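K.L.:
The file below is final.pdb, PDB, C-alpha atoms:
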```pdb
ATOM      1  CA  MET Y  75      37.913 -23.880  -3.410
ATOM      2  CA  SER Y  76      35.018 -22.147  -5.152
ATOM      3  CA  SER Y  77      34.397 -18.485  -4.301
ATOM      4  CA  GLN Y  78      30.881 -18.514  -5.632
ATOM      5  CA  GLN Y  79      28.171 -17.637  -3.160
ATOM      6  CA  PRO Y  80      25.096 -19.851  -2.867
ATOM      7  CA  PRO Y  81      22.177 -18.582  -4.943
ATOM      8  CA  ASP Y  82      19.430 -16.596  -3.297
ATOM      9  CA  GLU Y  83      16.330 -18.378  -2.150
ATOM     10  CA  PRO Y  84      13.408 -18.078  -4.574
ATOM     11  CA  VAL Y  85      11.254 -14.969  -4.447
ATOM     12  CA  TYR Y  86       7.776 -15.678  -3.144
ATOM     13  CA  ASP Y  87       4.520 -13.963  -4.016
ATOM     14  CA  ASP Y  88       4.157 -10.312  -3.145
ATOM     15  CA  ARG Y  89       2.665  -9.228   0.114
ATOM     16  CA  VAL Y  90      -0.042  -6.700  -0.711
ATOM     17  CA  TYR Y  91      -0.952  -3.830   1.584
ATOM     18  CA  ARG Y  92      -3.987  -1.685   0.898
ATOM     19  CA  SER Y  93      -6.611   0.161   2.937
ATOM     20  CA  PRO Y  94      -9.932  -1.749   3.138
ATOM     21  CA  MET Y  95     -11.726   1.479   4.027
ATOM     22  CA  ALA Y  96     -10.353   3.170   0.897
ATOM     23  CA  VAL Y  97     -11.551   0.273  -1.259
ATOM     24  CA  VAL Y  98     -15.067   0.402   0.215
ATOM     25  CA  THR Y  99     -15.156   4.190  -0.165
ATOM     26  CA  GLY Y 100     -13.988   3.930  -3.768
ATOM     27  CA  VAL Y 101     -16.658   1.403  -4.713
ATOM     28  CA  LEU Y 102     -19.401   3.531  -3.150
ATOM     29  CA  LEU Y 103     -18.165   6.721  -4.823
ATOM     30  CA  LEU Y 104     -17.940   5.025  -8.218
ATOM     31  CA  ALA Y 105     -21.478   3.715  -7.841
ATOM     32  CA  LEU Y 106     -22.678   7.229  -6.979
ATOM     33  CA  ILE Y 107     -20.848   8.782  -9.946
ATOM     34  CA  VAL Y 108     -22.237   6.199 -12.375
ATOM     35  CA  TRP Y 109     -25.761   6.742 -11.045
ATOM     36  CA  LEU Y 110     -25.646  10.556 -11.203
ATOM     37  CA  CYS Y 111     -23.839  10.849 -14.535
ATOM     38  CA  GLY Y 112     -25.824   8.007 -16.065
ATOM     39  CA  ASP Y 113     -29.079   9.665 -15.051
ATOM     40  CA  ALA Y 114     -27.903  12.967 -16.570
ATOM     41  CA  VAL Y 115     -26.999  11.241 -19.836
ATOM     42  CA  VAL Y 116     -30.319   9.382 -20.054
ATOM     43  CA  ARG Y 117     -32.624  12.195 -18.917
ATOM     44  CA  GLY Y 118     -30.623  15.235 -19.965
ATOM     45  CA  SER Y 119     -30.542  16.974 -23.305
ATOM     46  CA  GLY Y 120     -28.136  19.051 -25.352
ATOM     47  CA  THR Y 121     -24.849  19.906 -23.665
ATOM     48  CA  THR Y 122     -26.034  18.411 -20.370
ATOM     49  CA  ARG Y 123     -25.313  14.911 -21.632
ATOM     50  CA  TRP Y 124     -21.847  15.853 -22.864
ATOM     51  CA  ALA Y 125     -21.108  17.663 -19.616
ATOM     52  CA  ALA Y 126     -22.096  14.553 -17.645
ATOM     53  CA  LEU Y 127     -19.804  12.400 -19.764
ATOM     54  CA  ALA Y 128     -16.949  14.897 -19.299
ATOM     55  CA  VAL Y 129     -17.480  14.887 -15.536
ATOM     56  CA  ALA Y 130     -17.428  11.087 -15.471
ATOM     57  CA  LEU Y 131     -14.287  10.990 -17.626
ATOM     58  CA  CYS Y 132     -12.550  13.345 -15.217
ATOM     59  CA  VAL Y 133     -13.830  12.125 -11.858
ATOM     60  CA  VAL Y 134     -13.793   8.336 -12.319
ATOM     61  CA  PRO Y 135      -9.997   8.064 -12.862
ATOM     62  CA  LEU Y 136      -9.350  10.376  -9.907
ATOM     63  CA  THR Y 137     -11.643   8.325  -7.669
ATOM     64  CA  VAL Y 138      -9.909   5.113  -8.717
ATOM     65  CA  ALA Y 139      -6.483   6.722  -8.208
ATOM     66  CA  PHE Y 140      -7.109   7.796  -4.624
ATOM     67  CA  THR Y 141      -9.046   4.719  -3.471
ATOM     68  CA  LEU Y 142      -8.809   1.455  -5.428
ATOM     69  CA  ARG Y 143      -5.418   1.997  -7.074
ATOM     70  CA  ALA Y 144      -3.301   2.802  -4.008
ATOM     71  CA  ALA Y 145      -1.407  -0.294  -2.850
ATOM     72  CA  VAL Y 146       2.003  -1.474  -1.701
ATOM     73  CA  PHE Y 147       3.566  -4.711  -2.975
ATOM     74  CA  ALA Y 148       6.580  -6.230  -1.227
ATOM     75  CA  ASN Y 149       8.601  -9.389  -1.782
ATOM     76  CA  ASP Y 150      12.094 -10.588  -0.879
ATOM     77  CA  ASP Y 151      13.774  -8.448  -3.560
ATOM     78  CA  ARG Y 152      11.919  -5.192  -3.838
ATOM     79  CA  LEU Y 153       9.150  -2.846  -2.794
ATOM     80  CA  ARG Y 154       6.630  -1.506  -5.306
ATOM     81  CA  ILE Y 155       4.545   1.486  -4.266
ATOM     82  CA  ARG Y 156       1.449   2.250  -6.317
ATOM     83  CA  ASN Y 157       0.344   5.759  -5.415
ATOM     84  CA  PRO Y 158      -2.421   7.773  -7.133
ATOM     85  CA  PHE Y 159      -0.284   9.159  -9.958
ATOM     86  CA  ARG Y 160       2.997   7.256  -9.758
ATOM     87  CA  THR Y 161       4.369   3.749  -9.402
ATOM     88  CA  ILE Y 162       7.713   3.533  -7.607
ATOM     89  CA  GLU Y 163       9.850   0.401  -7.679
ATOM     90  CA  LEU Y 164      12.488   0.206  -4.938
ATOM     91  CA  PRO Y 165      15.002  -2.641  -4.735
ATOM     92  CA  TRP Y 166      15.713  -3.244  -1.064
ATOM     93  CA  SER Y 167      19.349  -2.229  -1.494
ATOM     94  CA  THR Y 168      18.193   1.347  -2.208
ATOM     95  CA  VAL Y 169      15.936   1.654   0.852
ATOM     96  CA  ASP Y 170      17.479   3.704   3.670
ATOM     97  CA  ALA Y 171      14.526   3.692   6.073
ATOM     98  CA  VAL Y 172      10.865   2.808   6.440
ATOM     99  CA  ARG Y 173       9.010   4.889   9.011
ATOM    100  CA  ALA Y 174       5.572   5.948  10.169
ATOM    101  CA  GLY Y 175       5.065   9.339  11.781
ATOM    102  CA  TYR Y 176       1.978  11.220  10.714
ATOM    103  CA  SER Y 177       2.172   9.198   7.480
ATOM    104  CA  ALA Y 178       3.940   6.030   6.365
ATOM    105  CA  GLU Y 179       6.900   6.662   4.081
ATOM    106  CA  VAL Y 180      10.059   5.184   2.621
ATOM    107  CA  LEU Y 181      13.412   6.948   2.287
ATOM    108  CA  ALA Y 182      15.534   5.837  -0.658
ATOM    109  CA  GLU Y 183      18.448   7.473  -2.466
ATOM    110  CA  GLY Y 184      17.848  10.768  -0.690
ATOM    111  CA  LYS Y 185      14.167  10.979  -1.607
ATOM    112  CA  ARG Y 186      10.970  10.336   0.336
ATOM    113  CA  TYR Y 187       8.060   8.296  -0.995
ATOM    114  CA  GLN Y 188       4.731   8.228   0.804
ATOM    115  CA  LEU Y 189       2.739   5.015   1.204
ATOM    116  CA  TRP Y 190      -0.782   6.148   0.349
ATOM    117  CA  SER Y 191      -2.283   2.725   0.998
ATOM    118  CA  VAL Y 192      -0.950   2.555   4.582
ATOM    119  CA  PRO Y 193      -2.811   5.334   6.413
ATOM    120  CA  VAL Y 194      -1.592   6.225   9.888
ATOM    121  CA  SER Y 195      -4.339   6.444  12.500
ATOM    122  CA  LEU Y 196      -3.160   8.458  15.500
ATOM    123  CA  ARG Y 197      -6.256   7.353  17.389
ATOM    124  CA  GLU Y 198      -5.448   3.676  16.810
ATOM    125  CA  ARG Y 199      -1.831   4.277  17.820
ATOM    126  CA  LYS Y 200      -2.852   6.012  21.065
ATOM    127  CA  LYS Y 201      -5.224   3.152  21.852
ATOM    128  CA  ALA Y 202      -2.449   0.590  21.295
ATOM    129  CA  ASN Y 203      -0.081   2.601  23.492
ATOM    130  CA  ARG Y 204      -2.672   2.772  26.274
ATOM    131  CA  GLN Y 205      -3.150  -0.982  26.110
ATOM    132  CA  GLN Y 206       0.597  -1.555  26.355
ATOM    133  CA  PHE Y 207       0.849   0.814  29.331
ATOM    134  CA  SER Y 208      -2.095  -0.870  31.021
ATOM    135  CA  ARG Y 209      -0.529  -4.294  30.556
ATOM    136  CA  ARG Y 210       2.863  -3.224  31.887
ATOM    137  CA  GLY Y 211       1.367  -1.417  34.857
ATOM    138  CA  GLY Y 212      -1.075  -4.167  35.750
ATOM    139  CA  LEU Y 213      -3.984  -1.734  35.761
ATOM    140  CA  ARG Y 214      -6.591  -4.200  34.521
ATOM    141  CA  GLY Y 215      -8.102  -7.200  36.251
ATOM    142  CA  THR Y 216      -7.264  -8.885  39.554
ATOM    143  CA  GLY Y 217      -6.270 -12.338  40.741
ATOM    144  CA  LEU Y 218      -6.627 -15.220  38.307
ATOM    145  CA  GLN Y 219      -8.312 -13.100  35.605
ATOM    146  CA  GLN Y 220      -5.359 -10.696  35.612
ATOM    147  CA  GLN Y 221      -2.839 -13.531  35.250
ATOM    148  CA  GLU Y 222      -4.830 -15.137  32.448
ATOM    149  CA  GLY Y 223      -5.202 -11.786  30.668
ATOM    150  CA  LYS Y 224      -1.472 -11.109  30.884
ATOM    151  CA  ALA Y 225      -0.649 -14.589  29.600
ATOM    152  CA  ALA Y 226      -2.991 -14.194  26.628
ATOM    153  CA  GLU Y 227      -1.594 -10.760  25.755
ATOM    154  CA  ALA Y 228       1.987 -11.990  26.059
ATOM    155  CA  ALA Y 229       1.230 -14.828  23.655
ATOM    156  CA  ALA Y 230      -0.366 -12.399  21.189
ATOM    157  CA  GLY Y 231       2.604 -10.014  21.343
ATOM    158  CA  PRO Y 232       2.653  -6.278  21.999
ATOM    159  CA  LYS Y 233      -0.235  -4.213  20.753
ATOM    160  CA  ARG Y 234       0.631  -2.214  17.615
ATOM    161  CA  ALA Y 235      -1.341   0.087  15.342
ATOM    162  CA  GLY Y 236      -2.045  -1.231  11.860
ATOM    163  CA  ALA Y 237       0.338   1.148  10.056
ATOM    164  CA  ASP Y 238       3.106   0.426  12.576
ATOM    165  CA  LYS Y 239       2.711  -3.325  12.008
ATOM    166  CA  VAL Y 240       3.072  -2.833   8.247
ATOM    167  CA  VAL Y 241       6.160  -0.659   8.742
ATOM    168  CA  ASP Y 242       7.694  -3.312  11.003
ATOM    169  CA  GLU Y 243       7.130  -5.977   8.327
ATOM    170  CA  LEU Y 244       8.617  -3.781   5.596
ATOM    171  CA  ARG Y 245      11.652  -2.999   7.744
ATOM    172  CA  GLU Y 246      12.212  -6.701   8.327
ATOM    173  CA  LEU Y 247      11.980  -7.407   4.591
ATOM    174  CA  ALA Y 248      14.368  -4.529   3.843
ATOM    175  CA  GLU Y 249      16.966  -5.727   6.332
ATOM    176  CA  ARG Y 250      16.705  -9.311   5.186
ATOM    177  CA  GLY Y 251      16.698  -8.586   1.462
ATOM    178  CA  ALA Y 252      19.196  -5.734   1.097
ATOM    179  CA  GLY Y 253      22.081  -8.102   0.331
ATOM    180  CA  ARG Y 254      20.257 -10.312  -2.155
ATOM    181  CA  ALA Y 255      21.458 -10.328  -5.757
ATOM    182  CA  GLY Y 256      17.912  -9.662  -6.955
ATOM    183  CA  ALA Y 257      17.556  -6.672  -4.641
ATOM    184  CA  GLN Y 258      20.209  -4.577  -6.392
ATOM    185  CA  GLY Y 259      19.603  -1.753  -8.864
ATOM    186  CA  GLY Y 260      18.168   1.740  -8.803
ATOM    187  CA  VAL Y 261      14.850   3.360  -8.049
ATOM    188  CA  LYS Y 262      12.366   3.362 -10.942
ATOM    189  CA  VAL Y 263       9.497   5.848 -11.088
ATOM    190  CA  ARG Y 264       6.703   5.646 -13.659
ATOM    191  CA  TRP Y 265       3.924   8.207 -14.028
ATOM    192  CA  SER Y 266       0.435   6.719 -14.316
ATOM    193  CA  TYR Y 267      -0.674   8.269 -17.597
ATOM    194  CA  GLU Y 268      -3.629   5.901 -17.744
ATOM    195  CA  ILE Y 269      -5.008   7.901 -14.809
ATOM    196  CA  ILE Y 270      -3.674  11.351 -15.674
ATOM    197  CA  ALA Y 271      -4.649  11.439 -19.384
ATOM    198  CA  PRO Y 272      -8.422  10.749 -19.119
ATOM    199  CA  ALA Y 273      -8.729  13.021 -16.069
ATOM    200  CA  VAL Y 274      -7.087  15.904 -17.936
ATOM    201  CA  ILE Y 275      -9.128  15.269 -21.089
ATOM    202  CA  GLY Y 276     -12.361  15.191 -19.088
ATOM    203  CA  ALA Y 277     -11.458  18.404 -17.240
ATOM    204  CA  VAL Y 278     -10.575  20.222 -20.468
ATOM    205  CA  ALA Y 279     -13.767  19.007 -22.168
ATOM    206  CA  LEU Y 280     -15.860  20.182 -19.224
ATOM    207  CA  ILE Y 281     -14.213  23.614 -19.250
ATOM    208  CA  VAL Y 282     -14.845  23.979 -22.996
ATOM    209  CA  LEU Y 283     -18.475  22.935 -22.626
ATOM    210  CA  LEU Y 284     -19.080  25.374 -19.790
ATOM    211  CA  ALA Y 285     -17.328  28.182 -21.647
ATOM    212  CA  THR Y 286     -19.420  27.709 -24.821
ATOM    213  CA  ARG Y 287     -22.833  27.408 -23.201
TER     214      ARG Y 287
END
```
Re-express the file's structure as structure tokens.

P.N.:
Amino acid sequence: MSSQQPPDEPVYDDRVYRSPMAVVTGVLLLALIVWLCGDAVVRGSGTTRWAALAVALCVVPLTVAFTLRAAVFANDDRLRIRNPFRTIELPWSTVDAVRAGYSAEVLAEGKRYQLWSVPVSLRERKKANRQQFSRRGGLRGTGLQQQEGKAAEAAAGPKRAGADKVVDELRELAERGAGRAGAQGGVKVRWSYEIIAPAVIGAVALIVLLATR
């Protein structure tokens, strides 16, 4: 009798979690930076042009880091967190907990990693809690409308805030994938030098320009 275990099911495409508001904010900020710095380069003279370029070199990577870059990728084997300055890869076997208090975070191998792209809205959470309380207490609607409303809400499931829904999905993936062969290994952390290096260079260049004026 063979002792080999059946192979794991194939790993499907990553689920991607990011904040739409952060993306919109990032695009608008980048457009503003390009407009202001571009105008200074075209219309300015002397060190003004170089200062504008230094500002752009410093600020653009930081804007991208805190808005467009932040994302969470999850599949059946692992979780990959792309924060402003680091990328953390967590096989599900290393994940101890996924939780959302004042921020969404993952606990793995005794360390805590924040999910920048899953912002916690206390206002949204309070609203969802009020809706759940109202449904349980029967505080809304009367007669047929009340029954229809309850039936529709029951079919849709309990109201949850956006961050709490994401945490629930990640917990489910962690529980389901922890025993998979592809979900073994250790935590890997990589610093995002493609963001850090130009920001530091731009900041240093700006300081030198201001100091020599």

K.L.:
Could you tell me which residues the PyMOL selection byres ((chain Y and resi 153-165) around 6) returns for this structure, as a ChimeraX atom specification?

P.N.:
/Y:139-140,144-148,152,166-168,190,257-258,261-266

K.L.:
Quick one: which residues end up in the PyMOL selection byres ((chain Y and resi 93) around 8) for this structure, as a PyMOL selection string?

P.N.:
chain Y and resi 91-92+94-97+145+191-193

K.L.:
I'd like the interatomic distance between CA of Gly253 (chain Y) and CA of Val169 (chain Y), to a tenth of an Å.

P.N.:
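CA of Gly253 (chain Y) sits 11.5 Å away from CA of Val169 (chain Y).
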
K.L.:
Which residues are near Ala171 (chain Y)? Cut-off 10 Å, all atoms listed in the file, ignore same chain within fewer than 2 positions. Put them as number ranges by chain.

P.N.:
Y: 168-169, 173, 179-182, 186, 241, 244-245, 248-249

K.L.:
Can you spit out the residues from that selection as a compact mmCIF listing (two decimals), in the coordinates of the input, using C-alpha atoms?

P.N.:
```txt
# COMPACT_ATOMS: atom_id res chain seq x y z
CA THR Y 168 18.19 1.35 -2.21
CA VAL Y 169 15.94 1.65 0.85
CA ARG Y 173 9.01 4.89 9.01
CA GLU Y 179 6.90 6.66 4.08
CA VAL Y 180 10.06 5.18 2.62
CA LEU Y 181 13.41 6.95 2.29
CA ALA Y 182 15.53 5.84 -0.66
CA ARG Y 186 10.97 10.34 0.34
CA VAL Y 241 6.16 -0.66 8.74
CA LEU Y 244 8.62 -3.78 5.60
CA ARG Y 245 11.65 -3.00 7.74
CA ALA Y 248 14.37 -4.53 3.84
CA GLU Y 249 16.97 -5.73 6.33
```

K.L.:
Hey, can you check how far CA of Leu280 (chain Y) sits from CA of Ala128 (chain Y)?

P.N.:
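Atom-to-atom, CA of Leu280 (chain Y) and CA of Ala128 (chain Y) are spaced 5.4 Å apart.
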
K.L.:
What does the distance from CA of Ile275 (chain Y) to CA of Leu103 (chain Y) come to in Å, to one decimal?

P.N.:
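So the two atoms, CA of Ile275 (chain Y) and CA of Leu103 (chain Y), lie 20.5 Å apart.
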
K.L.:
Have a look at Y:Gly260, Y:Val115, Y:Tyr176, Y:Asn149 and name the one nearest to Glu243 (chain Y); count all atoms listed in the file.

P.N.:
Y:Asn149

K.L.:
Applied to this file, what does the PyMOL selection byres ((chain Y and resi 283) around 12) return in terms of residues, put as a list in words?

P.N.:
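Those residues are Gly120, Thr121, Thr122, Arg123, Trp124, Ala125, Ala126, Leu127, Ala128, Val129, Gly276, Ala277, Val278, Ala279, Leu280, Ile281, Val282, Leu284, Ala285, Thr286 and Arg287 of chain Y.
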
K.L.:
Limited to C-alpha atoms, could you put the picked residues into a file as an mmCIF file, in the coordinates of the input?

P.N.:
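Once everything was written out, this is result_0.cif:
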```
data_model
loop_
_atom_site.group_PDB
_atom_site.id
_atom_site.type_symbol
_atom_site.label_atom_id
_atom_site.label_comp_id
_atom_site.auth_asym_id
_atom_site.auth_seq_id
_atom_site.Cartn_x
_atom_site.Cartn_y
_atom_site.Cartn_z
ATOM 1 C CA GLY Y 120 -28.136 19.051 -25.352
ATOM 2 C CA THR Y 121 -24.849 19.906 -23.665
ATOM 3 C CA THR Y 122 -26.034 18.411 -20.370
ATOM 4 C CA ARG Y 123 -25.313 14.911 -21.632
ATOM 5 C CA TRP Y 124 -21.847 15.853 -22.864
ATOM 6 C CA ALA Y 125 -21.108 17.663 -19.616
ATOM 7 C CA ALA Y 126 -22.096 14.553 -17.645
ATOM 8 C CA LEU Y 127 -19.804 12.400 -19.764
ATOM 9 C CA ALA Y 128 -16.949 14.897 -19.299
ATOM 10 C CA VAL Y 129 -17.480 14.887 -15.536
ATOM 11 C CA GLY Y 276 -12.361 15.191 -19.088
ATOM 12 C CA ALA Y 277 -11.458 18.404 -17.240
ATOM 13 C CA VAL Y 278 -10.575 20.222 -20.468
ATOM 14 C CA ALA Y 279 -13.767 19.007 -22.168
ATOM 15 C CA LEU Y 280 -15.860 20.182 -19.224
ATOM 16 C CA ILE Y 281 -14.213 23.614 -19.250
ATOM 17 C CA VAL Y 282 -14.845 23.979 -22.996
ATOM 18 C CA LEU Y 284 -19.080 25.374 -19.790
ATOM 19 C CA ALA Y 285 -17.328 28.182 -21.647
ATOM 20 C CA THR Y 286 -19.420 27.709 -24.821
ATOM 21 C CA ARG Y 287 -22.833 27.408 -23.201
#
```

K.L.:
Go through Y:Ala114, Y:Val274, Y:Leu131, Y:Leu142 and flag the residue nearest Val101 (chain Y), using only C-alpha atoms for the distances.

P.N.:
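Using only C-alpha atoms, Val101 (chain Y) sits closest to Y:Leu142.
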